[in-house]
file query_32.txt (compact mmCIF, C-alpha atoms)
# COMPACT_ATOMS: atom_id res chain seq x y z
CA MET A 154 42.62 70.69 -4.31
CA LYS A 155 39.11 70.91 -2.81
CA VAL A 156 36.20 69.59 -4.85
CA PRO A 157 33.49 72.25 -5.36
CA VAL A 158 29.92 71.26 -4.57
CA ALA A 159 27.00 73.00 -6.21
CA ALA A 160 23.36 72.25 -6.88
CA VAL A 161 22.31 71.98 -10.52
CA THR A 162 18.97 73.70 -10.97
CA CYS A 163 18.01 74.77 -14.47
CA TRP A 164 16.09 73.91 -17.60
CA GLN A 165 17.05 70.65 -19.26
CA VAL A 166 19.19 72.14 -22.02
CA HIS A 167 21.19 74.25 -19.56
CA TRP A 168 23.08 71.33 -18.05
CA ARG A 169 25.78 72.00 -20.63
CA SER A 170 26.41 75.41 -19.03
CA HIS A 171 27.15 73.70 -15.71
CA VAL A 172 29.54 71.28 -17.43
CA HIS A 173 31.24 74.20 -19.18
CA GLY A 174 31.75 75.97 -15.87
CA ALA A 175 33.19 72.86 -14.23
CA LEU A 176 35.59 72.25 -17.11
CA ASN A 177 36.66 75.90 -17.00
CA TYR A 178 37.46 75.51 -13.30
CA LEU A 179 39.40 72.28 -13.82
CA SER A 180 41.33 73.53 -16.85
CA LYS A 181 42.60 76.56 -14.92
CA ALA A 182 43.90 74.30 -12.16
CA GLY A 183 46.74 73.08 -14.41
CA ASP A 184 48.18 69.68 -13.64
CA LEU A 185 45.85 68.00 -11.17
CA ASP A 186 47.18 65.79 -8.42
CA VAL A 187 44.49 63.11 -8.68
CA GLU A 188 44.85 60.32 -6.17
CA PRO A 189 43.35 56.99 -7.30
CA GLY A 190 39.91 56.45 -5.82
CA SER A 191 39.76 59.95 -4.32
CA ASP A 192 36.73 62.25 -4.41
CA LEU A 193 38.52 64.36 -7.02
CA HIS A 194 39.06 61.24 -9.14
CA THR A 195 35.34 60.42 -9.10
CA VAL A 196 34.17 64.02 -9.65
CA LEU A 197 36.61 64.62 -12.51
CA LEU A 198 35.52 61.37 -14.18
CA GLN A 199 31.85 62.32 -13.78
CA PHE A 200 32.32 65.71 -15.40
CA LEU A 201 34.34 64.17 -18.22
CA CYS A 202 31.57 61.62 -18.76
CA LEU A 203 29.07 64.46 -19.07
CA ALA A 204 31.31 66.31 -21.52
CA VAL A 205 32.25 63.30 -23.66
CA PHE A 206 28.98 61.37 -23.76
CA GLY A 207 26.95 64.57 -24.03
CA ASN A 208 29.10 65.71 -26.97
CA HIS A 209 29.83 69.00 -25.24
CA THR A 210 31.62 71.17 -27.77
CA SER A 211 34.09 73.47 -26.09
CA GLY A 212 37.60 74.83 -26.38
CA PHE A 213 38.83 72.74 -23.47
CA ASP A 214 41.52 70.11 -23.91
CA LEU A 215 39.46 67.12 -22.85
CA GLU A 216 42.19 64.70 -23.94
CA SER A 217 44.57 66.28 -21.43
CA LEU A 218 42.00 66.07 -18.61
CA ILE A 219 41.30 62.41 -19.42
CA ALA A 220 45.04 61.71 -19.39
CA GLN A 221 45.23 63.03 -15.83
CA LEU A 222 42.83 60.35 -14.61
CA PRO A 223 44.64 57.59 -12.69
CA ASP A 224 44.85 54.24 -14.48
CA SER A 225 43.58 52.43 -11.39
CA SER A 226 39.84 52.02 -10.96
CA ASP A 227 37.50 54.17 -8.92
CA TYR A 228 33.81 53.85 -8.05
CA LEU A 229 32.54 54.47 -11.59
CA CYS A 230 34.98 51.95 -13.04
CA ARG A 231 34.36 49.23 -10.44
CA TYR A 232 30.57 49.47 -10.46
CA HIS A 233 29.75 50.86 -13.90
CA ASN A 234 32.75 49.87 -16.05
CA ILE A 235 33.46 53.43 -17.17
CA SER A 236 37.15 53.64 -18.02
CA LYS A 237 39.69 56.01 -19.54
CA PHE A 238 39.67 53.77 -22.62
CA LEU A 239 35.93 54.27 -23.09
CA LEU A 240 36.22 58.06 -22.84
CA ARG A 241 39.27 58.17 -25.12
CA THR A 242 37.42 56.15 -27.76
CA VAL A 243 34.07 57.97 -27.71
CA LEU A 244 35.58 61.48 -27.74
CA PRO A 245 37.18 61.36 -31.23
CA ILE A 246 34.17 59.58 -32.77
CA TYR A 247 32.11 62.74 -32.36
CA ARG A 248 34.89 64.76 -33.98
CA ILE A 249 35.55 62.59 -37.03
CA SER A 250 34.57 64.26 -40.28
CA SER A 251 34.95 63.02 -43.84
CA SER A 252 36.50 66.39 -44.70
CA LEU A 253 39.40 65.87 -42.30
CA PRO A 254 42.60 64.15 -43.46
CA ASP A 255 43.19 60.61 -42.16
CA SER A 256 39.57 60.39 -40.93
CA ASP A 257 39.10 56.95 -42.51
CA ARG A 258 42.26 55.62 -40.90
CA LEU A 259 41.25 56.99 -37.49
CA ALA A 260 37.78 55.48 -37.83
CA GLN A 261 39.26 52.06 -38.65
CA GLN A 262 41.64 52.33 -35.70
CA LEU A 263 38.85 53.20 -33.25
CA GLU A 264 36.65 50.39 -34.56
CA LEU A 265 39.47 47.86 -34.20
CA GLN A 266 40.14 49.01 -30.63
CA ALA A 267 36.44 48.63 -29.81
CA TYR A 268 36.32 45.09 -31.22
CA LEU A 269 39.47 44.09 -29.35
CA SER A 270 38.16 45.43 -26.05
CA ALA A 271 34.80 43.64 -26.28
CA PRO A 272 34.61 40.65 -23.90
CA SER A 273 34.12 37.35 -25.71
CA SER A 274 31.95 35.41 -23.28
CA ILE A 275 30.41 35.44 -19.83
CA PRO A 276 31.00 32.41 -17.60
CA GLU A 277 28.19 31.01 -15.49
CA GLN A 278 28.43 32.32 -11.93
CA ARG A 279 26.00 30.99 -9.32
CA SER A 280 27.45 32.20 -6.04
CA ASP A 281 25.90 35.25 -4.37
CA ALA A 282 29.45 36.44 -3.69
CA THR A 283 30.00 36.80 -7.45
CA LYS A 284 26.71 38.57 -8.19
CA LYS A 285 28.37 41.98 -8.47
CA ASN A 286 31.15 40.62 -10.69
CA SER A 287 28.63 38.94 -12.97
CA THR A 288 26.56 42.11 -13.24
CA ASN A 289 29.64 44.20 -14.04
CA LEU A 290 30.70 41.75 -16.74
CA HIS A 291 27.32 42.19 -18.42
CA TYR A 292 27.80 45.95 -18.07
CA SER A 293 31.13 45.52 -19.90
CA HIS A 294 29.25 43.96 -22.81
CA VAL A 295 26.70 46.78 -22.72
CA TYR A 296 29.37 49.47 -23.01
CA ASP A 297 31.63 47.73 -25.50
CA TYR A 298 28.88 46.70 -27.90
CA SER A 299 27.14 50.06 -27.56
CA LEU A 300 30.44 51.56 -28.65
CA LEU A 301 30.42 49.33 -31.75
CA ILE A 302 26.81 50.29 -32.52
CA PHE A 303 27.69 53.96 -32.07
CA ILE A 304 30.61 53.65 -34.52
CA GLN A 305 28.42 51.95 -37.12
CA ARG A 306 25.74 54.64 -36.92
CA LYS A 307 27.79 57.78 -36.28
CA ILE A 308 30.77 57.14 -38.54
CA HIS A 309 29.62 54.63 -41.17
CA HIS A 310 25.95 55.74 -41.25
CA ARG A 311 24.81 52.14 -41.41
CA PRO A 312 21.01 51.86 -41.56
CA PRO A 313 19.53 50.43 -38.35
CA ALA A 314 18.36 47.31 -40.17
CA GLU A 315 21.99 46.27 -40.80
CA ILE A 316 23.01 46.33 -37.14
CA GLN A 317 20.00 44.68 -35.50
CA TYR A 318 22.08 41.64 -34.52
CA MET A 319 24.29 43.91 -32.41
CA VAL A 320 21.32 45.74 -30.94
CA LYS A 321 19.59 42.50 -30.01
CA ALA A 322 22.69 41.12 -28.27
CA ASP A 323 23.31 44.38 -26.42
CA LEU A 324 19.71 44.67 -25.25
CA HIS A 325 19.97 41.12 -23.89
CA HIS A 326 23.01 42.07 -21.76
CA LEU A 327 21.25 45.19 -20.50
CA GLU A 328 18.26 43.14 -19.40
CA ILE A 329 20.36 40.34 -17.86
CA SER A 330 22.45 42.81 -15.86
CA GLU A 331 19.25 44.02 -14.20
CA ILE A 332 18.12 40.45 -13.45
CA LYS A 333 21.51 39.46 -12.04
CA ALA A 334 21.67 42.51 -9.76
CA GLN A 335 18.20 41.75 -8.34
CA GLY A 336 17.54 45.41 -7.72
CA SER A 337 20.76 46.00 -5.79
CA ASN A 338 22.48 47.96 -8.54
CA GLY A 339 22.25 51.66 -9.20
CA CYS A 340 21.38 53.27 -12.50
CA ILE A 341 23.79 52.62 -15.33
CA LEU A 342 24.93 55.55 -17.45
CA LEU A 343 22.11 56.57 -19.80
CA TRP A 344 24.33 56.96 -22.87
CA PRO A 345 24.77 53.25 -23.74
CA CYS A 346 21.12 52.53 -22.90
CA LEU A 347 19.96 55.14 -25.41
CA VAL A 348 22.45 53.90 -28.02
CA ILE A 349 20.84 50.47 -27.70
CA ALA A 350 17.19 51.45 -27.40
CA VAL A 351 16.92 54.04 -30.17
CA GLU A 352 18.28 51.58 -32.75
CA CYS A 353 15.62 48.93 -32.09
CA ASN A 354 13.53 48.28 -35.18
CA ASP A 355 11.42 45.34 -34.12
CA PRO A 356 8.27 46.25 -32.12
CA VAL A 357 9.05 43.51 -29.59
CA MET A 358 12.54 44.86 -28.98
CA ARG A 359 11.19 48.38 -28.68
CA THR A 360 8.73 47.21 -26.05
CA ARG A 361 11.52 45.44 -24.16
CA SER A 362 13.55 48.66 -24.20
CA LEU A 363 10.68 50.68 -22.76
CA GLU A 364 10.14 48.01 -20.11
CA TRP A 365 13.80 48.32 -19.09
CA PHE A 366 13.44 52.10 -18.67
CA GLN A 367 10.29 51.52 -16.65
CA SER A 368 12.14 49.06 -14.38
CA LYS A 369 14.64 51.81 -13.53
CA HIS A 370 11.87 54.25 -12.62
CA ARG A 371 12.47 53.32 -8.98
CA HIS A 372 15.57 55.53 -8.94
CA GLY A 373 13.44 58.63 -9.35
CA PHE A 374 15.57 60.29 -12.04
CA LYS A 375 13.60 62.50 -14.42
CA SER A 376 16.27 61.90 -17.07
CA LEU A 377 15.11 58.27 -17.30
CA ASP A 378 11.60 59.38 -18.23
CA ASN A 379 13.04 61.83 -20.75
CA ALA A 380 15.26 59.12 -22.24
CA LYS A 381 12.25 56.87 -22.72
CA GLN A 382 10.39 59.69 -24.49
CA ILE A 383 13.41 60.29 -26.73
CA CYS A 384 13.17 56.67 -27.88
CA VAL A 385 9.44 56.88 -28.63
CA ASP A 386 9.70 60.15 -30.56
CA TYR A 387 12.90 59.25 -32.41
CA TRP A 388 11.42 55.92 -33.49
CA ALA A 389 8.36 57.71 -34.88
CA TRP A 390 10.51 60.30 -36.68
CA ARG A 391 12.89 57.68 -38.07
CA ASP A 392 10.04 55.46 -39.33
CA ASN A 393 8.73 58.45 -41.28
CA ASN A 394 12.17 59.61 -42.47
CA PRO A 395 14.17 56.45 -43.26
CA LEU A 396 16.60 58.12 -45.68
CA ARG A 397 17.41 61.12 -43.47
CA ALA A 398 17.67 58.83 -40.45
CA ARG A 399 20.72 57.13 -41.93
CA SER A 400 22.80 60.24 -41.18
CA VAL A 401 20.74 61.79 -38.36
CA THR A 402 21.40 59.94 -35.13
CA TRP A 403 19.44 60.38 -31.93
CA GLN A 404 22.20 62.73 -30.68
CA ASP A 405 21.59 64.99 -33.68
CA PHE A 406 17.84 64.67 -33.15
CA VAL A 407 17.88 65.91 -29.54
CA ARG A 408 20.69 68.46 -29.44
CA GLY A 409 19.48 71.96 -28.61
CA THR A 410 15.94 70.81 -27.80
CA ASN A 411 14.07 70.00 -24.60
CA TYR A 412 15.03 66.38 -25.27
CA ASP A 413 18.66 67.29 -24.55
CA VAL A 414 18.99 65.41 -21.26
CA VAL A 415 21.96 64.73 -18.99
CA PRO A 416 23.49 61.46 -20.34
CA LEU A 417 24.14 60.05 -16.82

call {"tool": "encode", "arguments": {"input": "query_32.txt", "output": "structure tokens"}}
result
Amino acid sequence: MKVPVAAVTCWQVHWRSHVHGALNYLSKAGDLDVEPGSDLHTVLLQFLCLAVFGNHTSGFDLESLIAQLPDSSDYLCRYHNISKFLLRTVLPIYRISSSLPDSDRLAQQLELQAYLSAPSSIPEQRSDATKKNSTNLHYSHVYDYSLLIFIQRKIHHRPPAEIQYMVKADLHHLEISEIKAQGSNGCILLWPCLVIAVECNDPVMRTRSLEWFQSKHRHGFKSLDNAKQICVDYWAWRDNNPLRARSVTWQDFVRGTNYDVVPL
């Protein structure tokens, strides 16, 4: 199967239309013969990341497409720690509703899986040869703890003040990963970075978050500037609407607006 290549040129909110078209193409292909580490493997994973992390509502069977991903790692897994497990965990979180049967049990199961997957510690690594491994291990913390923060806010509607210890730890790993890489790394997926940054309550932590976004400005992605603006505006809105903010996450805040940026 040949991988289609197309330029994405549109208004910010229209990126979902491109994702919809790609998923439509892939779903009609039936069972995909995805070789581990192939171009198709990487492209399929990228589109699924857009669909899952962007909360793209569609009639496509995303679970089936995720299942067709090889278990072995590819570029996104080796360098950014994006795995089938991460996609399979985030996808149902968006779909959980208190009106659905067994929603509480599913929420508890997803939360337990997230806790079990979180790495416990990071060993000291001083060799230049291990720089990439050390950076990736910090990325693992970023994703796993962002997942826990996301569960607390999206499912349990915990007020931000109750999860600041998680946010502080996660922000630390995000900052350290940049220091360890010494500018040699690319740009991590925006989704976990926004999950961390938007939940910062303390002015110092908010400033540190904005400084991290500024440090990534070198990549030249407009979505980074948009993500930083999302943080600033969501903080202001949340500070003025503390009760509503318990159930209105940043994803709810931006969906369908010009803030609705590509989460990669």

call {"tool": "closest_residue", "arguments": {"input": "query_32.txt", "among": "A:Leu265, A:Ala380, A:Pro312, A:Arg391", "to": "Asn411 (chain A)", "atoms": "all atoms listed in the file"}}
result
A:Ala380

call {"tool": "residues_near_point", "arguments": {"input": "query_32.txt", "point": "(46.6, 59.9, -9.3)", "cutoff": "10 Å", "atoms": "only C-alpha atoms", "output": "NGL selection string"}}
result
:A and (185-191 or 193-194 or 221-225)

call {"tool": "residues_around", "arguments": {"input": "query_32.txt", "residues": "Cys202 (chain A)", "least_positions_apart": "4", "cutoff": "12 Å", "atoms": "all atoms listed in the file", "output": "MDAnalysis selection string"}}
result
chainID A and resid 172 176 195:198 206:209 215 218:219 229:230 233 235:241 243:244 342:345 415:417

call {"tool": "residues_around", "arguments": {"input": "query_32.txt", "residues": "Val401 (chain A)", "least_positions_apart": "4", "cutoff": "10 Å", "atoms": "only C-alpha atoms", "output": "PyMOL selection string"}}
result
chain A and resi 306-307+310+391+394-397+405-406

call {"tool": "atom_distance", "arguments": {"input": "query_32.txt", "atom1": "CA of Asp214 (chain A)", "atom2": "CA of Leu263 (chain A)"}}
result
19.5 Å

call {"tool": "atom_distance", "arguments": {"input": "query_32.txt", "atom1": "CA of Ala398 (chain A)", "atom2": "CA of His325 (chain A)"}}
result
24.4 Å

call {"tool": "residues_around", "arguments": {"input": "query_32.txt", "residues": "region 354-362 of chain A", "least_positions_apart": "5", "cutoff": "8 Å", "atoms": "only C-alpha atoms", "output": "list in words"}}
result
Pro313, Ala314, Gln317, Lys321 and Leu324 of chain A

call {"tool": "write_last_selection", "arguments": {"input": "query_32.txt", "atoms": "C-alpha atoms", "output": "PDB file, in the frame of the given file"}}
result
ATOM      1  CA  PRO A 313      19.530  50.430 -38.350  1.00  0.00           C
ATOM      2  CA  ALA A 314      18.360  47.310 -40.170  1.00  0.00           C
ATOM      3  CA  GLN A 317      20.000  44.680 -35.500  1.00  0.00           C
ATOM      4  CA  LYS A 321      19.590  42.500 -30.010  1.00  0.00           C
ATOM      5  CA  LEU A 324      19.710  44.670 -25.250  1.00  0.00           C
TER       6      LEU A 324
END

call {"tool": "atom_distance", "arguments": {"input": "query_32.txt", "atom1": "CA of Glu216 (chain A)", "atom2": "CA of Ile341 (chain A)"}}
result
23.6 Å

call {"tool": "closest_residue", "arguments": {"input": "query_32.txt", "among": "A:Gln266, A:Gln261, A:Ser376, A:Ser400", "to": "Asp413 (chain A)", "atoms": "only C-alpha atoms"}}
result
A:Ser376

call {"tool": "closest_residue", "arguments": {"input": "query_32.txt", "among": "A:Leu290, A:Val351, A:Ala260, A:Ile304", "to": "Ala389 (chain A)", "atoms": "only C-alpha atoms"}}
result
A:Val351

call {"tool": "residues_around", "arguments": {"input": "query_32.txt", "residues": "Tyr387 (chain A)", "least_positions_apart": "3", "cutoff": "9 Å", "atoms": "all atoms listed in the file", "output": "list of chain:residue names"}}
result
A:Val351, A:Gln382, A:Ile383, A:Cys384, A:Trp390, A:Arg391, A:Asp392, A:Thr402, A:Trp403, A:Phe406, A:Val407

call {"tool": "closest_residue", "arguments": {"input": "query_32.txt", "among": "A:Ile308, A:Ile349, A:Tyr412, A:Gln367", "to": "Asn379 (chain A)", "atoms": "all atoms listed in the file"}}
result
A:Tyr412

call {"tool": "build_atoms", "arguments": {"input": "query_32.txt", "residues": "region 257-268 of chain A", "atoms": "all heavy atoms", "output": "mmCIF file, in the frame of the given file"}}
result
data_model
loop_
_atom_site.group_PDB
_atom_site.id
_atom_site.type_symbol
_atom_site.label_atom_id
_atom_site.label_comp_id
_atom_site.auth_asym_id
_atom_site.auth_seq_id
_atom_site.Cartn_x
_atom_site.Cartn_y
_atom_site.Cartn_z
ATOM 1 N N ASP A 257 39.401 58.363 -42.294
ATOM 2 C CA ASP A 257 39.100 56.950 -42.510
ATOM 3 C C ASP A 257 40.030 56.055 -41.688
ATOM 4 O O ASP A 257 39.591 55.070 -41.098
ATOM 5 C CB ASP A 257 39.231 56.586 -43.995
ATOM 6 C CG ASP A 257 38.107 57.178 -44.834
ATOM 7 O OD1 ASP A 257 37.065 57.524 -44.250
ATOM 8 O OD2 ASP A 257 38.278 57.286 -46.065
ATOM 9 N N ARG A 258 41.289 56.416 -41.663
ATOM 10 C CA ARG A 258 42.260 55.620 -40.900
ATOM 11 C C ARG A 258 41.953 55.677 -39.412
ATOM 12 O O ARG A 258 42.023 54.662 -38.707
ATOM 13 C CB ARG A 258 43.684 56.129 -41.163
ATOM 14 C CG ARG A 258 44.768 55.298 -40.478
ATOM 15 C CD ARG A 258 46.147 55.716 -40.986
ATOM 16 N NE ARG A 258 46.420 57.115 -40.738
ATOM 17 C CZ ARG A 258 46.887 57.582 -39.573
ATOM 18 N NH1 ARG A 258 47.120 56.756 -38.554
ATOM 19 N NH2 ARG A 258 47.133 58.870 -39.418
ATOM 20 N N LEU A 259 41.590 56.850 -38.906
ATOM 21 C CA LEU A 259 41.250 56.990 -37.490
ATOM 22 C C LEU A 259 39.994 56.197 -37.166
ATOM 23 O O LEU A 259 39.934 55.528 -36.121
ATOM 24 C CB LEU A 259 41.042 58.462 -37.155
ATOM 25 C CG LEU A 259 40.605 58.776 -35.713
ATOM 26 C CD1 LEU A 259 41.598 58.216 -34.708
ATOM 27 C CD2 LEU A 259 40.423 60.276 -35.514
ATOM 28 N N ALA A 260 39.007 56.230 -38.053
ATOM 29 C CA ALA A 260 37.780 55.480 -37.830
ATOM 30 C C ALA A 260 38.060 53.987 -37.752
ATOM 31 O O ALA A 260 37.529 53.281 -36.884
ATOM 32 C CB ALA A 260 36.769 55.769 -38.938
ATOM 33 N N GLN A 261 38.904 53.484 -38.642
ATOM 34 C CA GLN A 261 39.260 52.060 -38.650
ATOM 35 C C GLN A 261 40.005 51.693 -37.366
ATOM 36 O O GLN A 261 39.781 50.621 -36.790
ATOM 37 C CB GLN A 261 40.107 51.732 -39.865
ATOM 38 C CG GLN A 261 39.356 51.824 -41.184
ATOM 39 C CD GLN A 261 40.259 51.639 -42.385
ATOM 40 O OE1 GLN A 261 41.466 51.418 -42.249
ATOM 41 N NE2 GLN A 261 39.693 51.742 -43.581
ATOM 42 N N GLN A 262 40.885 52.585 -36.919
ATOM 43 C CA GLN A 262 41.640 52.330 -35.700
ATOM 44 C C GLN A 262 40.720 52.260 -34.482
ATOM 45 O O GLN A 262 40.851 51.352 -33.640
ATOM 46 C CB GLN A 262 42.687 53.435 -35.496
ATOM 47 C CG GLN A 262 43.526 53.269 -34.235
ATOM 48 C CD GLN A 262 44.492 54.430 -34.046
ATOM 49 O OE1 GLN A 262 44.638 55.282 -34.923
ATOM 50 N NE2 GLN A 262 45.145 54.462 -32.902
ATOM 51 N N LEU A 263 39.778 53.188 -34.375
ATOM 52 C CA LEU A 263 38.850 53.200 -33.250
ATOM 53 C C LEU A 263 37.953 51.963 -33.258
ATOM 54 O O LEU A 263 37.679 51.368 -32.214
ATOM 55 C CB LEU A 263 37.989 54.465 -33.296
ATOM 56 C CG LEU A 263 38.714 55.789 -33.035
ATOM 57 C CD1 LEU A 263 37.793 56.956 -33.344
ATOM 58 C CD2 LEU A 263 39.209 55.858 -31.608
ATOM 59 N N GLU A 264 37.515 51.568 -34.448
ATOM 60 C CA GLU A 264 36.650 50.390 -34.560
ATOM 61 C C GLU A 264 37.402 49.134 -34.157
ATOM 62 O O GLU A 264 36.864 48.267 -33.454
ATOM 63 C CB GLU A 264 36.128 50.261 -35.983
ATOM 64 C CG GLU A 264 35.059 49.198 -36.141
ATOM 65 C CD GLU A 264 34.368 49.275 -37.480
ATOM 66 O OE1 GLU A 264 34.815 50.064 -38.355
ATOM 67 O OE2 GLU A 264 33.369 48.553 -37.666
ATOM 68 N N LEU A 265 38.660 49.020 -34.568
ATOM 69 C CA LEU A 265 39.470 47.860 -34.200
ATOM 70 C C LEU A 265 39.679 47.807 -32.690
ATOM 71 O O LEU A 265 39.568 46.740 -32.068
ATOM 72 C CB LEU A 265 40.826 47.917 -34.916
ATOM 73 C CG LEU A 265 41.818 46.794 -34.574
ATOM 74 C CD1 LEU A 265 41.232 45.435 -34.926
ATOM 75 C CD2 LEU A 265 43.142 47.014 -35.294
ATOM 76 N N GLN A 266 39.958 48.954 -32.079
ATOM 77 C CA GLN A 266 40.140 49.010 -30.630
ATOM 78 C C GLN A 266 38.863 48.576 -29.915
ATOM 79 O O GLN A 266 38.921 47.853 -28.911
ATOM 80 C CB GLN A 266 40.507 50.436 -30.198
ATOM 81 C CG GLN A 266 41.903 50.871 -30.600
ATOM 82 C CD GLN A 266 42.177 52.324 -30.267
ATOM 83 O OE1 GLN A 266 41.268 53.088 -29.923
ATOM 84 N NE2 GLN A 266 43.423 52.731 -30.371
ATOM 85 N N ALA A 267 37.713 48.996 -30.433
ATOM 86 C CA ALA A 267 36.440 48.630 -29.810
ATOM 87 C C ALA A 267 36.204 47.132 -29.901
ATOM 88 O O ALA A 267 35.764 46.499 -28.940
ATOM 89 C CB ALA A 267 35.296 49.396 -30.475
ATOM 90 N N TYR A 268 36.500 46.534 -31.060
ATOM 91 C CA TYR A 268 36.320 45.090 -31.220
ATOM 92 C C TYR A 268 37.254 44.320 -30.299
ATOM 93 O O TYR A 268 36.871 43.315 -29.686
ATOM 94 C CB TYR A 268 36.566 44.675 -32.668
ATOM 95 C CG TYR A 268 35.343 44.764 -33.547
ATOM 96 C CD1 TYR A 268 35.253 45.733 -34.546
ATOM 97 C CD2 TYR A 268 34.275 43.883 -33.388
ATOM 98 C CE1 TYR A 268 34.124 45.826 -35.356
ATOM 99 C CE2 TYR A 268 33.143 43.964 -34.191
ATOM 100 C CZ TYR A 268 33.080 44.932 -35.169
ATOM 101 O OH TYR A 268 31.959 45.023 -35.956
#
